[in-house]
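Listing of target_36.cif; format and content: mmCIF, C-alpha atoms and all ligand atoms.
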data_entry
loop_
_atom_site.label_atom_id
_atom_site.label_comp_id
_atom_site.auth_asym_id
_atom_site.auth_seq_id
_atom_site.Cartn_x
_atom_site.Cartn_y
_atom_site.Cartn_z
CA MET A 1 17.34 -31.01 20.85
CA PRO A 2 18.84 -28.67 18.21
CA ALA A 3 17.22 -25.21 17.95
CA LYS A 4 14.47 -24.86 15.35
CA VAL A 5 15.50 -22.66 12.42
CA VAL A 6 12.90 -21.09 10.12
CA GLU A 7 13.84 -19.05 7.06
CA ILE A 8 12.03 -15.71 7.20
CA LEU A 9 13.57 -14.05 4.14
CA SER A 10 15.47 -15.72 1.29
CA ALA A 11 18.28 -14.00 -0.62
CA GLU A 12 15.79 -13.00 -3.33
CA GLU A 13 13.34 -11.64 -0.76
CA ILE A 14 16.08 -9.59 0.92
CA ARG A 15 17.01 -8.16 -2.49
CA ARG A 16 13.40 -7.21 -3.23
CA THR A 17 12.90 -5.80 0.26
CA MET A 18 15.98 -3.57 -0.06
CA THR A 19 14.72 -2.34 -3.44
CA ARG A 20 11.38 -1.44 -1.86
CA LEU A 21 13.05 0.33 1.07
CA ALA A 22 15.21 2.33 -1.36
CA SER A 23 12.09 3.39 -3.31
CA GLN A 24 10.35 4.44 -0.10
CA VAL A 25 13.35 6.50 0.99
CA VAL A 26 13.51 8.18 -2.43
CA GLU A 27 9.77 8.88 -2.30
CA ARG A 28 10.04 10.53 1.10
CA SER A 29 13.20 12.54 0.32
CA ARG A 30 12.36 15.96 -1.08
CA ASP A 31 15.99 16.54 -1.98
CA LEU A 32 18.33 13.54 -2.26
CA SER A 33 21.35 15.87 -2.17
CA GLN A 34 20.53 16.47 1.52
CA LEU A 35 20.42 12.76 2.38
CA VAL A 36 23.28 10.84 4.01
CA ILE A 37 23.16 7.22 5.15
CA LEU A 38 24.75 5.81 8.30
CA GLY A 39 24.79 2.05 8.80
CA ILE A 40 24.97 0.78 12.36
CA TYR A 41 27.93 -1.57 12.68
CA THR A 42 27.93 -4.53 12.05
CA ARG A 43 25.36 -5.62 9.47
CA GLY A 44 23.60 -2.26 9.30
CA ALA A 45 26.76 -0.95 7.65
CA PHE A 46 26.48 -3.54 4.86
CA LEU A 47 22.76 -2.83 4.43
CA ALA A 48 23.51 0.90 4.23
CA ASP A 49 25.82 0.21 1.27
CA LEU A 50 23.12 -1.89 -0.39
CA LEU A 51 20.53 0.86 0.07
CA ALA A 52 22.83 3.53 -1.32
CA ARG A 53 23.63 1.35 -4.35
CA GLN A 54 19.92 0.80 -4.95
CA ILE A 55 19.16 4.53 -4.67
CA GLU A 56 21.91 5.13 -7.23
CA VAL A 57 20.29 2.58 -9.57
CA LEU A 58 16.86 4.18 -9.12
CA GLU A 59 17.81 7.85 -9.23
CA GLY A 60 21.39 8.11 -10.48
CA VAL A 61 22.34 9.94 -7.28
CA THR A 62 25.30 8.92 -5.13
CA VAL A 63 24.30 9.29 -1.49
CA PRO A 64 27.21 9.50 1.00
CA VAL A 65 27.44 6.43 3.24
CA GLY A 66 29.13 6.17 6.63
CA ALA A 67 29.24 3.64 9.44
CA LEU A 68 28.36 4.17 13.08
CA ASP A 69 29.86 2.03 15.84
CA ILE A 70 27.62 2.55 18.86
CA THR A 71 29.71 0.43 21.26
CA PHE A 72 30.83 3.34 23.45
CA TYR A 73 27.26 4.70 23.64
CA ARG A 74 25.66 1.49 24.95
CA ASP A 75 23.79 1.79 28.25
CA ASP A 76 25.46 -1.44 29.48
CA LEU A 77 29.02 -0.41 28.60
CA ASP A 78 30.17 -0.87 32.21
CA GLN A 79 29.05 -4.53 32.06
CA ILE A 80 30.50 -5.63 28.71
CA GLY A 81 34.16 -4.62 29.07
CA VAL A 82 34.94 -3.32 25.56
CA ARG A 83 38.47 -3.46 24.15
CA THR A 84 37.90 -2.92 20.43
CA PRO A 85 38.46 0.55 19.00
CA ALA A 86 35.44 2.40 17.57
CA ARG A 87 34.85 1.65 13.89
CA THR A 88 32.82 4.76 13.16
CA GLU A 89 33.52 6.30 9.75
CA ILE A 90 31.69 9.50 8.87
CA PRO A 91 33.79 11.33 6.26
CA PHE A 92 31.20 14.09 5.75
CA ASP A 93 29.33 16.74 7.74
CA LEU A 94 25.96 15.79 9.23
CA THR A 95 24.83 19.29 10.11
CA GLY A 96 21.64 20.27 8.29
CA LYS A 97 21.42 16.88 6.55
CA THR A 98 18.75 14.21 6.70
CA VAL A 99 20.51 11.23 8.25
CA LEU A 100 19.11 7.80 7.45
CA LEU A 101 20.18 5.31 10.12
CA VAL A 102 20.17 1.71 8.91
CA ASP A 103 20.21 -1.48 10.97
CA ASP A 104 19.44 -5.12 10.31
CA VAL A 105 17.21 -5.82 13.34
CA ILE A 106 15.38 -3.62 15.82
CA TYR A 107 14.40 -5.29 19.07
CA LYS A 108 14.50 -3.39 22.38
CA GLY A 109 15.49 -0.18 20.62
CA ARG A 110 18.57 0.37 22.77
CA THR A 111 21.00 0.19 19.86
CA VAL A 112 19.11 2.93 18.04
CA ARG A 113 18.96 5.01 21.21
CA ALA A 114 22.74 4.73 21.39
CA ALA A 115 23.04 5.59 17.69
CA LEU A 116 21.04 8.79 18.24
CA ASN A 117 23.48 9.82 20.97
CA ALA A 118 26.45 8.98 18.73
CA VAL A 119 25.06 11.03 15.82
CA ASN A 120 24.64 13.96 18.19
CA ASP A 121 28.41 13.94 18.77
CA TYR A 122 29.11 14.24 15.04
CA GLY A 123 26.80 17.12 14.12
CA ARG A 124 23.26 18.44 14.18
CA PRO A 125 21.22 16.89 11.37
CA ALA A 126 17.99 18.52 10.17
CA ALA A 127 16.27 15.16 10.65
CA ILE A 128 17.10 11.56 11.50
CA TRP A 129 15.23 8.67 9.92
CA LEU A 130 15.50 4.97 10.70
CA ALA A 131 15.33 2.02 8.30
CA VAL A 132 15.54 -1.60 9.46
CA LEU A 133 15.37 -4.88 7.62
CA VAL A 134 13.47 -6.64 10.44
CA ASP A 135 11.38 -5.25 13.30
CA ARG A 136 10.94 -8.10 15.77
CA GLY A 137 9.01 -6.12 18.39
CA HIS A 138 9.55 -6.02 22.20
CA ARG A 139 10.61 -2.37 22.31
CA GLU A 140 11.77 -0.99 25.67
CA LEU A 141 12.04 2.58 24.40
CA PRO A 142 9.69 4.80 22.36
CA ILE A 143 11.57 4.28 19.09
CA HIS A 144 9.88 3.30 15.83
CA PRO A 145 11.43 2.79 12.38
CA ASP A 146 10.37 5.05 9.50
CA PHE A 147 11.06 2.27 6.98
CA THR A 148 10.60 -1.41 7.82
CA GLY A 149 11.51 -4.32 5.58
CA LYS A 150 9.66 -7.00 7.52
CA GLN A 151 7.52 -6.80 10.63
CA LEU A 152 8.13 -10.08 12.43
CA PRO A 153 6.22 -10.95 15.60
CA THR A 154 8.57 -12.99 17.81
CA ALA A 155 8.79 -14.49 21.25
CA LYS A 156 11.44 -12.98 23.52
CA GLU A 157 13.30 -16.30 23.71
CA GLU A 158 13.63 -16.46 19.94
CA GLN A 159 16.48 -14.93 18.00
CA VAL A 160 16.52 -13.28 14.61
CA LYS A 161 19.71 -13.86 12.63
CA VAL A 162 20.53 -11.85 9.54
CA TYR A 163 23.18 -13.15 7.15
CA LEU A 164 24.57 -10.86 4.46
CA GLN A 165 26.66 -11.95 1.49
CA ASP A 166 29.46 -9.42 1.96
CA PHE A 167 29.93 -10.29 5.63
CA ASP A 168 28.56 -13.81 6.14
CA GLY A 169 28.95 -15.31 2.66
CA ARG A 170 25.19 -15.71 2.14
CA ASP A 171 21.97 -13.71 2.30
CA ALA A 172 19.17 -14.90 4.60
CA VAL A 173 17.07 -13.95 7.60
CA GLU A 174 16.34 -16.79 10.00
CA LEU A 175 14.25 -17.13 13.14
CA ILE A 176 15.91 -19.35 15.70
CA GLY A 177 13.53 -20.97 18.16
CA ASN A 178 14.13 -23.17 21.17
O1 LIG B 1 17.10 -3.09 19.45
P1 LIG B 1 18.18 -3.81 20.23
O2 LIG B 1 17.66 -4.64 21.35
O3 LIG B 1 19.29 -2.90 20.64
O4 LIG B 1 18.80 -4.92 19.27
C1 LIG B 1 19.11 -4.71 17.93
C2 LIG B 1 20.60 -4.81 17.67
O5 LIG B 1 21.07 -6.11 18.02
C3 LIG B 1 21.92 -6.57 16.98
O6 LIG B 1 23.20 -6.12 17.14
P2 LIG B 1 24.27 -6.85 18.06
O7 LIG B 1 24.31 -6.14 19.36
O8 LIG B 1 23.98 -8.31 18.09
O9 LIG B 1 25.64 -6.53 17.32
P3 LIG B 1 26.10 -6.81 15.81
O10 LIG B 1 25.29 -5.87 14.92
O11 LIG B 1 27.53 -6.44 15.80
O12 LIG B 1 25.83 -8.27 15.49
C4 LIG B 1 21.30 -5.96 15.74
O13 LIG B 1 22.24 -5.88 14.69
C5 LIG B 1 20.88 -4.60 16.20
O14 LIG B 1 21.91 -3.66 16.02
O1 LIG B 2 16.97 -11.47 17.90
C1 LIG B 2 17.73 -10.50 17.84
C2 LIG B 2 17.78 -9.51 18.84
C3 LIG B 2 18.63 -8.45 18.70
N1 LIG B 2 19.40 -8.39 17.62
C4 LIG B 2 19.38 -9.34 16.66
O2 LIG B 2 20.12 -9.24 15.67
N2 LIG B 2 18.54 -10.38 16.79
#

As structure tokens, the full file:
Amino acid sequence: MPAKVVEILSAEEIRRTMTRLASQVVERSRDLSQLVILGIYTRGAFLADLLARQIEVLEGVTVPVGALDITFYRDDLDQIGVRTPARTEIPFDLTGKTVLLVDDVIYKGRTVRAALNAVNDYGRPAAIWLAVLVDRGHRELPIHPDFTGKQLPTAKEEQVKVYLQDFDGRDAVELIGN
């Protein structure tokens, strides 16, 4: 039997959710000039761009955006046999800044744990925040997003798939069942 696919967020809902997240980030930032955004590769990097664009629309401020490839910081690196070079791009200093990490899905929390280690190698931010489009639960580490687009209770066997226009050719969030 083919896997059951349920749409969780439509393109319009993703757009609205990103607008809300941008407003929440602006609300919490005392000084936007101290904010930098790092998207976690792959789709977090595209969402980071969307968030920065939305903050610019709301506040007229251009927030620096970089991308973080956490591959070499994974706790299962010895098992996955990586050959691709790191795609991290952080063309600005993180020291003293508020770093907003952005990812599409948080699940066990291991990717974010790796991202925290990676950031540590690039500077010493004043604070690190986390924004995710979907929190699907089942955390294995004490990590919690500061900004959540959609809280989605899931079963472990299910999968959450995020599609983004600039990478996948369409915008959607789907829950894939068995
Ligand atoms: O909280 P965790 O259990 O670590 O899972 C969440 C991560 O899993 C997915 O990335 P994936 O490893 O599939 O790579 P991709 O972003 O390149 O698709 C997703 O984009 C998150 O980064
Ligand atoms: O369901 C999941 C789990 C981890 N990462 C995803 O993108 N989806």

Notebook entry, point to check: Can you tell me, as a VMD selection string, which residues sit within 12 Å of (26.2, -1.2, 9.4) in the file's frame, using all atoms listed in the file?
Noted result: chain A and resid 37 to 51 65 to 70 87 to 89 100 to 105 111 to 112 115 131 to 133 164 166 to 167

| Can you tell me how far atom CA of Leu35 of chain A sits from atom CA of Ala22 of chain A, in Å to one decimal? |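 So the two atoms, atom CA of Leu35 of chain A and atom CA of Ala22 of chain A, lie 12.2 Å apart.
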
So that all listed atoms of ligand LIG 1 (chain B) fit with 4 Å spare on each side, what axis-aligned box centre and edge lengths in Å, to one decimal, would you give as JSON?
{"center_x": 22.3, "center_y": -5.6, "center_z": 18.0, "size_x": 18.4, "size_y": 13.4, "size_z": 14.7}

Residues within 10 Å of ligand LIG 2 (chain B) (only C-alpha atoms and all ligand atoms), as a short mmCIF file (atom, residue, chain, number, x, y, z; two decimals) with C-alpha atoms, in the frame of the given file?
data_model
loop_
_atom_site.label_atom_id
_atom_site.label_comp_id
_atom_site.auth_asym_id
_atom_site.auth_seq_id
_atom_site.Cartn_x
_atom_site.Cartn_y
_atom_site.Cartn_z
CA THR A 42 27.93 -4.53 12.05
CA ARG A 43 25.36 -5.62 9.47
CA ASP A 103 20.21 -1.48 10.97
CA ASP A 104 19.44 -5.12 10.31
CA VAL A 105 17.21 -5.82 13.34
CA ILE A 106 15.38 -3.62 15.82
CA TYR A 107 14.40 -5.29 19.07
CA LYS A 108 14.50 -3.39 22.38
CA GLY A 109 15.49 -0.18 20.62
CA ARG A 110 18.57 0.37 22.77
CA THR A 111 21.00 0.19 19.86
CA VAL A 134 13.47 -6.64 10.44
CA ASP A 135 11.38 -5.25 13.30
CA ARG A 136 10.94 -8.10 15.77
CA GLY A 137 9.01 -6.12 18.39
CA HIS A 138 9.55 -6.02 22.20
CA THR A 154 8.57 -12.99 17.81
CA ALA A 155 8.79 -14.49 21.25
CA LYS A 156 11.44 -12.98 23.52
CA GLU A 157 13.30 -16.30 23.71
CA GLU A 158 13.63 -16.46 19.94
CA GLN A 159 16.48 -14.93 18.00
CA VAL A 160 16.52 -13.28 14.61
CA LYS A 161 19.71 -13.86 12.63
CA VAL A 162 20.53 -11.85 9.54
CA TYR A 163 23.18 -13.15 7.15
CA VAL A 173 17.07 -13.95 7.60
CA GLU A 174 16.34 -16.79 10.00
CA LEU A 175 14.25 -17.13 13.14
CA ILE A 176 15.91 -19.35 15.70
#

Distance query Ala127 of chain A at most 8 Å, only C-alpha atoms, self and fewer than 6 positions along chain excluded, as an mmCIF file with C-alpha atoms, keeping the file's coordinate frame:
data_model
loop_
_atom_site.group_PDB
_atom_site.id
_atom_site.type_symbol
_atom_site.label_atom_id
_atom_site.label_comp_id
_atom_site.auth_asym_id
_atom_site.auth_seq_id
_atom_site.Cartn_x
_atom_site.Cartn_y
_atom_site.Cartn_z
ATOM 1 C CA GLY A 96 21.640 20.270 8.290
ATOM 2 C CA LYS A 97 21.420 16.880 6.550
ATOM 3 C CA THR A 98 18.750 14.210 6.700
ATOM 4 C CA VAL A 99 20.510 11.230 8.250
#

One decimal place gives the atom CA of Glu140 of chain A-atom O9 of ligand LIG 1 (chain B) separation as 17.1 Å

In Å and to one decimal, atom CA of Thr62 of chain A is distant from atom CA of Val36 of chain A by 9.6 Å

Under the rule that only C-alpha atoms and all ligand atoms are counted, which of A:Arg30, A:Arg15, A:His144, A:Arg20 is the nearest residue to ligand LIG 1 (chain B)?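 Of A:Arg30, A:Arg15, A:His144, A:Arg20, the one nearest ligand LIG 1 (chain B), counting only C-alpha atoms and all ligand atoms, is A:His144.
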
**Expected answer as number ranges by chain: all residues with atoms within 12 Å of (11.8, 0.4, -2.9), only C-alpha atoms** = A: 14-28, 50-59, 131, 147-149

Min atom-atom distance to ligand LIG 1 (chain B) from the set A:Asp93, A:Asp76, A:Asp121, A:Asp31, counting all atoms listed in the file, belongs to A:Asp76
